[in-house]
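Here the structure comes first, spelled out in structure tokens, and everything after it is commentary.
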Amino acid sequence: RIIENIGETKGYEYEDLAEAWLEKKVTFCRDHLRIQSKLAPGLSEYRAYISNHIAEPLYWLAKKRYLEKKCSSKDLRKTMEEVAQHLLLVVQIWGPYWKRSTERLTAEKAKELLEMVDDKYLHNNLGDRADEVLINNNLKLYRSIHF
């Protein structure tokens, strides 16, 4: 529940959180991803859940650090690539769910953030990859994104 509360409580959205809270959420999520790789490996529901929870705080943390000159543009891009990978996983796993289901709506929201990250930082037409799942129902496995 802690993972869900950080950044998702009304009045305490990600963009307003202190770096320490963003770091805490990212750390919790990374710990859960390590557990996920053993308990429910591959494209599991658990993976989608944790990838969904790590992507946005990781985005805001990297952006804040870059603006405060705490990381280089190369580090920012590397982090945005990781954010994009998490978002694509959410789309891959939850995109095929019934329209208007919570999972499908989460995948559609992930696509919106993916397109924004891609437009600002990566320029790889990743929205098209998400559309392959969301619109064309064409599932492809992306073990990693080759940037």
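By convention here, the chains of the structure tokens are called A, B, ... in the order presented, each chain's residues are numbered starting at 1, and ligands are numbered starting at 1 in the order presented.
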Would you list the contacts of Leu105 of chain A as a PyMOL selection string, taking every protein, DNA or RNA residue within 12 Å and counting only C-alpha atoms, but skipping same-chain residues closer than 3 positions in sequence? chain A and resi 52+90-91+94-102+108-112+134
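Neighbouring residues of His123 of chain A at 12 Å or closer, counting only C-alpha atoms and skipping chain neighbours under 5 positions away, are Arg77, Met80, Glu81, Ala84, Leu114, Glu115, Met116, Val117, Asp118, Asp128 and Phe147 of chain A.
In this comparison, which uses only C-alpha atoms, the residue of A:Tyr46, A:Tyr66, A:Tyr59, A:Trp21 approaching Leu33 of chain A most closely is A:Tyr46.
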Using only C-alpha atoms: which of A:Asp119, A:Leu17, A:Ala62, A:Ala130 has the shortest distance to Asp75 of chain A: A:Ala62
How would you write, as an NGL selection string, the set of residues in chain A that DSSP gives as helix (DSSP H, G or I)? :A and (2-5 or 14-16 or 19-39 or 45-67 or 73-94 or 102-122 or 126-134)
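Residue nearest Lys24 of chain A within the list A:Ile135, A:Ala40, A:Leu89, A:Ile2: A:Ile2 [criterion: smallest interatomic distance, only C-alpha atoms].
Once Leu76 of chain A and its same-chain neighbours fewer than 6 positions away are set aside, Leu58, Tyr59, Trp60, Leu61, Ala62, Lys63, Lys64, Arg65, Tyr66, Leu67, Glu68, Lys69, Lys70, Glu82, Val83, Val117, Lys120, Tyr121 and Leu122 of chain A remain within 12 Å of it when counting only C-alpha atoms.
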